[in-house]
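Chemist: Hey, dropping run.pdb in here, PDB, C-alpha atoms and all ligand atoms:
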```
ATOM      1  CA  MET F 932     -19.799 -91.936 -62.521  1.00  0.00           C
ATOM      2  CA  LEU F 933     -17.133 -91.648 -65.133  1.00  0.00           C
ATOM      3  CA  ASP F 934     -14.195 -93.929 -65.807  1.00  0.00           C
ATOM      4  CA  ARG F 935     -11.767 -92.991 -68.467  1.00  0.00           C
ATOM      5  CA  SER F 936      -8.169 -92.836 -69.528  1.00  0.00           C
ATOM      6  CA  VAL F 937      -6.736 -89.396 -70.032  1.00  0.00           C
ATOM      7  CA  GLY F 938      -3.751 -89.191 -72.349  1.00  0.00           C
ATOM      8  CA  LEU F 939      -0.862 -87.255 -70.850  1.00  0.00           C
ATOM      9  CA  GLY F 940      -0.816 -85.263 -74.070  1.00  0.00           C
ATOM     10  CA  GLU F 941      -4.288 -83.935 -73.221  1.00  0.00           C
ATOM     11  CA  LEU F 942      -2.889 -82.092 -70.209  1.00  0.00           C
ATOM     12  CA  PRO F 943      -0.571 -79.410 -71.617  1.00  0.00           C
ATOM     13  CA  ARG F 944       0.594 -77.913 -68.316  1.00  0.00           C
ATOM     14  CA  LEU F 945       1.535 -81.365 -67.078  1.00  0.00           C
ATOM     15  CA  ALA F 946       3.034 -82.408 -70.417  1.00  0.00           C
ATOM     16  CA  ASP F 947       5.537 -79.550 -70.087  1.00  0.00           C
ATOM     17  CA  LEU F 948       7.080 -81.303 -67.091  1.00  0.00           C
ATOM     18  CA  LEU F 949       7.370 -84.736 -68.638  1.00  0.00           C
ATOM     19  CA  THR F 950       9.989 -86.375 -70.811  1.00  0.00           C
ATOM     20  CA  THR F 951       7.245 -88.088 -72.787  1.00  0.00           C
ATOM     21  CA  THR F 952       3.524 -87.689 -73.217  1.00  0.00           C
ATOM     22  CA  ALA F 953       3.129 -91.338 -74.152  1.00  0.00           C
ATOM     23  CA  GLY F 954       0.973 -92.982 -71.517  1.00  0.00           C
ATOM     24  CA  VAL F 955      -2.277 -92.325 -69.793  1.00  0.00           C
ATOM     25  CA  LEU F 956      -3.740 -91.571 -66.413  1.00  0.00           C
ATOM     26  CA  SER F 957      -6.710 -93.581 -65.357  1.00  0.00           C
ATOM     27  CA  VAL F 958      -9.322 -91.328 -63.929  1.00  0.00           C
ATOM     28  CA  ARG F 959     -12.483 -92.087 -62.072  1.00  0.00           C
ATOM     29  CA  LEU F 960     -15.020 -89.464 -61.177  1.00  0.00           C
ATOM     30  CA  GLU F 961     -17.957 -90.017 -58.933  1.00  0.00           C
ATOM     31  CA  GLY F 962     -20.519 -87.485 -57.862  1.00  0.00           C
ATOM     32  CA  TRP F 963     -23.198 -87.667 -55.214  1.00  0.00           C
ATOM     33  CA  ARG F 964     -25.421 -85.577 -52.987  1.00  0.00           C
ATOM     34  CA  ASP F 965     -25.371 -86.078 -49.232  1.00  0.00           C
ATOM     35  CA  GLU F 966     -28.258 -85.940 -46.736  1.00  0.00           C
ATOM     36  CA  GLN F 967     -27.796 -82.199 -46.294  1.00  0.00           C
ATOM     37  CA  GLY F 968     -28.150 -81.671 -50.010  1.00  0.00           C
ATOM     38  CA  LYS F 969     -24.482 -80.900 -50.575  1.00  0.00           C
ATOM     39  CA  SER F 970     -22.947 -82.034 -53.814  1.00  0.00           C
ATOM     40  CA  TRP F 971     -19.643 -83.865 -53.792  1.00  0.00           C
ATOM     41  CA  LEU F 972     -17.253 -85.039 -56.387  1.00  0.00           C
ATOM     42  CA  GLN F 973     -14.654 -87.698 -55.774  1.00  0.00           C
ATOM     43  CA  LEU F 974     -11.716 -87.845 -58.104  1.00  0.00           C
ATOM     44  CA  ASP F 975      -9.365 -90.822 -58.312  1.00  0.00           C
ATOM     45  CA  ILE F 976      -6.315 -90.501 -60.502  1.00  0.00           C
ATOM     46  CA  ALA F 977      -3.672 -93.155 -61.059  1.00  0.00           C
ATOM     47  CA  GLY F 978      -0.785 -93.418 -63.448  1.00  0.00           C
ATOM     48  CA  GLU F 979       2.944 -93.238 -63.799  1.00  0.00           C
ATOM     49  CA  PRO F 980       4.031 -90.106 -65.620  1.00  0.00           C
ATOM     50  CA  VAL F 981       7.728 -89.763 -66.390  1.00  0.00           C
ATOM     51  CA  LEU F 982       9.090 -86.524 -64.984  1.00  0.00           C
ATOM     52  CA  ARG F 983      12.335 -84.877 -65.980  1.00  0.00           C
ATOM     53  CA  CYS F 984      15.136 -85.269 -63.459  1.00  0.00           C
ATOM     54  CA  GLN F 985      16.396 -81.826 -62.436  1.00  0.00           C
ATOM     55  CA  ARG F 986      19.984 -83.041 -62.266  1.00  0.00           C
ATOM     56  CA  CYS F 987      20.519 -85.222 -65.345  1.00  0.00           C
ATOM     57  CA  LEU F 988      17.345 -84.420 -67.318  1.00  0.00           C
ATOM     58  CA  GLY F 989      16.643 -88.141 -67.635  1.00  0.00           C
ATOM     59  CA  GLY F 990      13.208 -89.614 -67.039  1.00  0.00           C
ATOM     60  CA  VAL F 991      12.013 -90.304 -63.505  1.00  0.00           C
ATOM     61  CA  LYS F 992       8.898 -92.415 -63.157  1.00  0.00           C
ATOM     62  CA  PHE F 993       6.548 -90.985 -60.614  1.00  0.00           C
ATOM     63  CA  PRO F 994       3.758 -93.300 -59.488  1.00  0.00           C
ATOM     64  CA  LEU F 995       0.643 -91.290 -58.862  1.00  0.00           C
ATOM     65  CA  SER F 996      -2.279 -92.312 -56.787  1.00  0.00           C
ATOM     66  CA  ILE F 997      -4.531 -89.444 -55.927  1.00  0.00           C
ATOM     67  CA  ARG F 998      -7.907 -89.400 -54.304  1.00  0.00           C
ATOM     68  CA  SER F 999      -9.510 -86.083 -53.679  1.00  0.00           C
ATOM     69  CA  ARG F1000     -12.931 -85.051 -52.641  1.00  0.00           C
ATOM     70  CA  LEU F1001     -14.422 -81.765 -53.703  1.00  0.00           C
ATOM     71  CA  GLN F1002     -17.558 -80.084 -52.534  1.00  0.00           C
ATOM     72  CA  LEU F1003     -19.384 -78.538 -55.439  1.00  0.00           C
ATOM     73  CA  ILE F1004     -20.837 -75.114 -54.838  1.00  0.00           C
ATOM     74  CA  ALA F1005     -23.620 -74.058 -57.141  1.00  0.00           C
ATOM     75  CA  PRO F1006     -23.535 -70.471 -58.392  1.00  0.00           C
ATOM     76  CA  GLY F1007     -25.202 -68.267 -55.775  1.00  0.00           C
ATOM     77  CA  GLU F1008     -24.847 -70.866 -53.046  1.00  0.00           C
ATOM     78  CA  ASP F1009     -22.949 -69.872 -49.883  1.00  0.00           C
ATOM     79  CA  TRP F1010     -19.370 -70.980 -49.607  1.00  0.00           C
ATOM     80  CA  PRO F1011     -18.776 -73.231 -46.624  1.00  0.00           C
ATOM     81  CA  ASP F1012     -16.858 -71.894 -43.633  1.00  0.00           C
ATOM     82  CA  ASP F1013     -13.362 -73.249 -43.581  1.00  0.00           C
ATOM     83  CA  ASP F1014     -14.053 -74.631 -40.110  1.00  0.00           C
ATOM     84  CA  LEU F1015     -16.918 -76.682 -41.379  1.00  0.00           C
ATOM     85  CA  VAL F1016     -15.151 -78.277 -44.286  1.00  0.00           C
ATOM     86  CA  ASP F1017     -13.172 -81.350 -43.457  1.00  0.00           C
ATOM     87  CA  ASP F1018      -9.479 -81.122 -44.157  1.00  0.00           C
ATOM     88  CA  ASP F1019      -9.404 -83.563 -47.023  1.00  0.00           C
ATOM     89  CA  ALA F1020     -12.018 -81.768 -49.018  1.00  0.00           C
ATOM     90  CA  ASP F1021     -11.868 -78.647 -51.088  1.00  0.00           C
ATOM     91  CA  ALA F1022     -14.748 -76.628 -52.359  1.00  0.00           C
ATOM     92  CA  ILE F1023     -15.032 -75.575 -55.965  1.00  0.00           C
ATOM     93  CA  GLU F1024     -17.696 -74.012 -58.077  1.00  0.00           C
ATOM     94  CA  ALA F1025     -19.929 -76.527 -59.748  1.00  0.00           C
ATOM     95  CA  GLU F1026     -19.385 -74.891 -63.095  1.00  0.00           C
ATOM     96  CA  ALA F1027     -15.646 -75.232 -62.768  1.00  0.00           C
ATOM     97  CA  ALA F1028     -16.108 -78.929 -62.107  1.00  0.00           C
ATOM     98  CA  LEU F1029     -17.604 -79.339 -65.535  1.00  0.00           C
ATOM     99  CA  ALA F1030     -14.214 -78.613 -67.009  1.00  0.00           C
ATOM    100  CA  VAL F1031     -12.912 -81.962 -65.927  1.00  0.00           C
ATOM    101  CA  LEU F1032      -9.533 -82.013 -67.627  1.00  0.00           C
ATOM    102  CA  PRO F1033      -8.154 -78.826 -66.014  1.00  0.00           C
ATOM    103  CA  LEU F1034      -9.450 -80.114 -62.700  1.00  0.00           C
ATOM    104  CA  ILE F1035      -7.600 -83.394 -63.129  1.00  0.00           C
ATOM    105  CA  GLU F1036      -4.519 -81.515 -64.235  1.00  0.00           C
ATOM    106  CA  ASP F1037      -4.620 -79.252 -61.167  1.00  0.00           C
ATOM    107  CA  GLU F1038      -4.817 -82.241 -58.847  1.00  0.00           C
ATOM    108  CA  VAL F1039      -1.908 -83.961 -60.567  1.00  0.00           C
ATOM    109  CA  LEU F1040       0.255 -80.823 -60.573  1.00  0.00           C
ATOM    110  CA  LEU F1041      -0.346 -80.425 -56.838  1.00  0.00           C
ATOM    111  CA  ALA F1042       0.786 -83.985 -56.222  1.00  0.00           C
ATOM    112  CA  LEU F1043       4.045 -83.755 -58.147  1.00  0.00           C
ATOM    113  CA  PRO F1044       7.375 -83.017 -56.488  1.00  0.00           C
ATOM    114  CA  ILE F1045       8.629 -79.492 -57.159  1.00  0.00           C
ATOM    115  CA  ALA F1046      12.076 -80.682 -58.221  1.00  0.00           C
ATOM    116  CA  PRO F1047      11.927 -84.314 -59.324  1.00  0.00           C
ATOM    117  CA  ARG F1048      15.242 -86.168 -59.153  1.00  0.00           C
ATOM    118  CA  HIS F1049      16.618 -89.655 -59.326  1.00  0.00           C
ATOM    119  CA  GLU F1050      17.870 -90.895 -56.003  1.00  0.00           C
ATOM    120  CA  GLN F1051      21.022 -91.630 -57.943  1.00  0.00           C
ATOM    121  CA  CYS F1052      21.443 -90.371 -61.446  1.00  0.00           C
ATOM    122  CA  GLU F1053      22.992 -92.706 -63.951  1.00  0.00           C
ATOM    123  CA  ALA F1054      26.332 -91.453 -65.125  1.00  0.00           C
ATOM    124  CA  PRO F1055      25.876 -89.864 -68.548  1.00  0.00           C
ATOM    125  CA  SER F1056      28.830 -91.891 -69.836  1.00  0.00           C
ATOM    126  CA  ALA F1057      27.264 -95.228 -68.840  1.00  0.00           C
ATOM    127  CA  ASN F1058      26.384 -96.118 -72.439  1.00  0.00           C
ATOM    128  CA  ALA F1059      29.525 -94.793 -74.046  1.00  0.00           C
ATOM    129  CA  SER F1060      31.309 -98.123 -74.207  1.00  0.00           C
ATOM    130  CA  VAL F1061      28.408-100.054 -75.760  1.00  0.00           C
ATOM    131  CA  PRO F1062      29.357-100.937 -79.342  1.00  0.00           C
ATOM    132  CA  GLY F1063      27.215 -99.234 -81.925  1.00  0.00           C
ATOM    133  CA  SER F1064      25.813 -96.693 -79.520  1.00  0.00           C
ATOM    134  CA  SER F1065      25.599 -93.122 -80.640  1.00  0.00           C
ATOM    135  CA  PRO F1066      23.980 -89.968 -79.337  1.00  0.00           C
ATOM    136  CA  PHE F1067      21.122 -90.738 -81.687  1.00  0.00           C
ATOM    137  CA  ALA F1068      20.636 -94.174 -80.197  1.00  0.00           C
ATOM    138  CA  ALA F1069      20.322 -92.499 -76.823  1.00  0.00           C
ATOM    139  CA  LEU F1070      17.701 -90.153 -78.211  1.00  0.00           C
ATOM    140  CA  VAL F1071      15.708 -92.999 -79.679  1.00  0.00           C
ATOM    141  CA  ALA F1072      15.921 -94.832 -76.376  1.00  0.00           C
ATOM    142  CA  LEU F1073      14.613 -91.759 -74.576  1.00  0.00           C
ATOM    143  CA  LYS F1074      11.660 -91.498 -76.883  1.00  0.00           C
ATOM    144  CA  LYS F1075      10.686 -95.085 -76.305  1.00  0.00           C
ATOM    145  CA  HIS F1076      10.336 -94.644 -72.560  1.00  0.00           C
TER
HETATM  146 ZN    ZN V1101      18.833 -87.924 -62.738  1.00  0.00          ZN
END
```
In structure tokens, write the structure found in this file.
Modeler:
Amino acid sequence: MLDRSVGLGELPRLADLLTTTAGVLSVRLEGWRDEQGKSWLQLDIAGEPVLRCQRCLGGVKFPLSIRSRLQLIAPGEDWPDDDLVDDDADAIEAEAALAVLPLIEDEVLLALPIAPRHEQCEAPSANASVPGSSPFAALVALKKH
């Protein structure tokens, strides 16, 4: 079993979609072998990456909570019939499972909305009347989130 935090910056394909790579995903991996000798991997991923809103380009927090179960297929082993695999589980090659970060990244990318958006975007002029605010202040504020 493995428990670790994965920095969002460690996942380049995901990082491309985010307004900030500050933050982590907590990841838990557990592997076991069942009575029939099949190998399984369970992957739990939780976190709250900040996606880029497709309308206003502001940050949209997206709470993630993923649990997926993968059947590991050793090289040379037969692939399971689709009918025999339960719907929640995917099969992958055992060797591919060793590359844990891309695996985690794939699962996260699958869970994300295709076009993230705020339910209601804040008006871009909302901060304009605040004394002392400037476009740079807005940039700094963005970076902090
Ligand atoms: Zn928006």
Chemist: Report as a PyMOL selection string which protein, DNA and RNA residues come within 8 Å of ligand ZN 1101 (chain V), using all atoms listed in the file.
Modeler: chain F and resi 983-991+1048-1053
Chemist: What does the PyMOL selection byres (((chain F and resi 1000) around 7) and not hetatm) select in this file, as a VMD selection string?
Modeler: chain F and resid 971 to 974 998 to 999 1001 to 1002 1019 to 1021
Chemist: Mind running range 970-1049 of chain F against range 936-943 of chain F at 9 Å and telling me each contacting residue's nearest atom pair with the distance in Å (one decimal), counting all atoms listed in the file, chain and number ascending, as CSV?
Modeler:
```
residue,atom,partner,partner_atom,distance
F:Pro980,CA,F:Leu939,CA,7.7
F:Leu1032,CA,F:Leu942,CA,7.1
F:Pro1033,CA,F:Leu942,CA,7.5
F:Ile1035,CA,F:Leu942,CA,8.6
F:Glu1036,CA,F:Leu942,CA,6.2
```
Chemist: Please provide as a list of chain:residue names all residues within 10 Å of Trp1010 in chain F, with the sequence filter that same-chain residues fewer than 6 positions apart are discarded (counting only C-alpha atoms).
Modeler: F:Gln1002, F:Leu1003, F:Ile1004, F:Val1016, F:Ala1022, F:Ile1023, F:Glu1024
Chemist: Once you count all atoms listed in the file, which residues end up no further than 9 Å from (-23.0, -68.9, -60.6) in the file's frame, shown as a short mmCIF file (atom, residue, chain, number, x, y, z; two decimals) with C-alpha atoms, in the frame of the given file?
Modeler:
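The result, written out as selection13.cif:
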```cif
data_model
loop_
_atom_site.label_atom_id
_atom_site.label_comp_id
_atom_site.auth_asym_id
_atom_site.auth_seq_id
_atom_site.Cartn_x
_atom_site.Cartn_y
_atom_site.Cartn_z
CA ILE F 1004 -20.84 -75.11 -54.84
CA ALA F 1005 -23.62 -74.06 -57.14
CA PRO F 1006 -23.54 -70.47 -58.39
CA GLY F 1007 -25.20 -68.27 -55.78
CA GLU F 1008 -24.85 -70.87 -53.05
CA GLU F 1024 -17.70 -74.01 -58.08
CA ALA F 1025 -19.93 -76.53 -59.75
CA GLU F 1026 -19.39 -74.89 -63.10
#
```
Chemist: So how many Å separate CA of Thr951 in chain F and CA of Glu979 in chain F, to one decimal?
Modeler: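 Going from CA of Thr951 in chain F over to CA of Glu979 in chain F covers 11.2 Å.
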Chemist: First collect every listed atom of range 1031-1047 of chain F; then fit an axis-aligned box around them, widen it by 4 Å on each side, and give centre and edge lengths in Å to one decimal, as lines of an AutoDock Vina configuration file.
Modeler:
```
center_x = -0.4
center_y = -81.6
center_z = -61.9
size_x = 33.0
size_y = 13.5
size_z = 19.4
```
Chemist: Please tell me which residues are no farther than 10 Å from (4.9, -83.0, -58.1) in the file, counting all atoms listed in the file, and write them as an MDAnalysis selection string.
Modeler: chainID F and resid 945 948 982 993 995 1038:1047
Chemist: Could you check the closest approach to Val1031 in chain F for each of F:Ala946, F:Leu960, F:Ser996, F:Ala977 and tell me which residue wins, using all atoms listed in the file?
Modeler: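 When distances to Val1031 in chain F are compared using all atoms listed in the file, the smallest one comes from F:Leu960.
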Chemist: One decimal, Å: what's the distance from CA of Gly954 in chain F over to CA of Gly978 in chain F, could you say?
Modeler: 8.3 Å
Chemist: Grab the CA of Leu1034 in chain F to CA of Arg935 in chain F distance for me, in Å with one decimal place.
Modeler: 14.3 Å
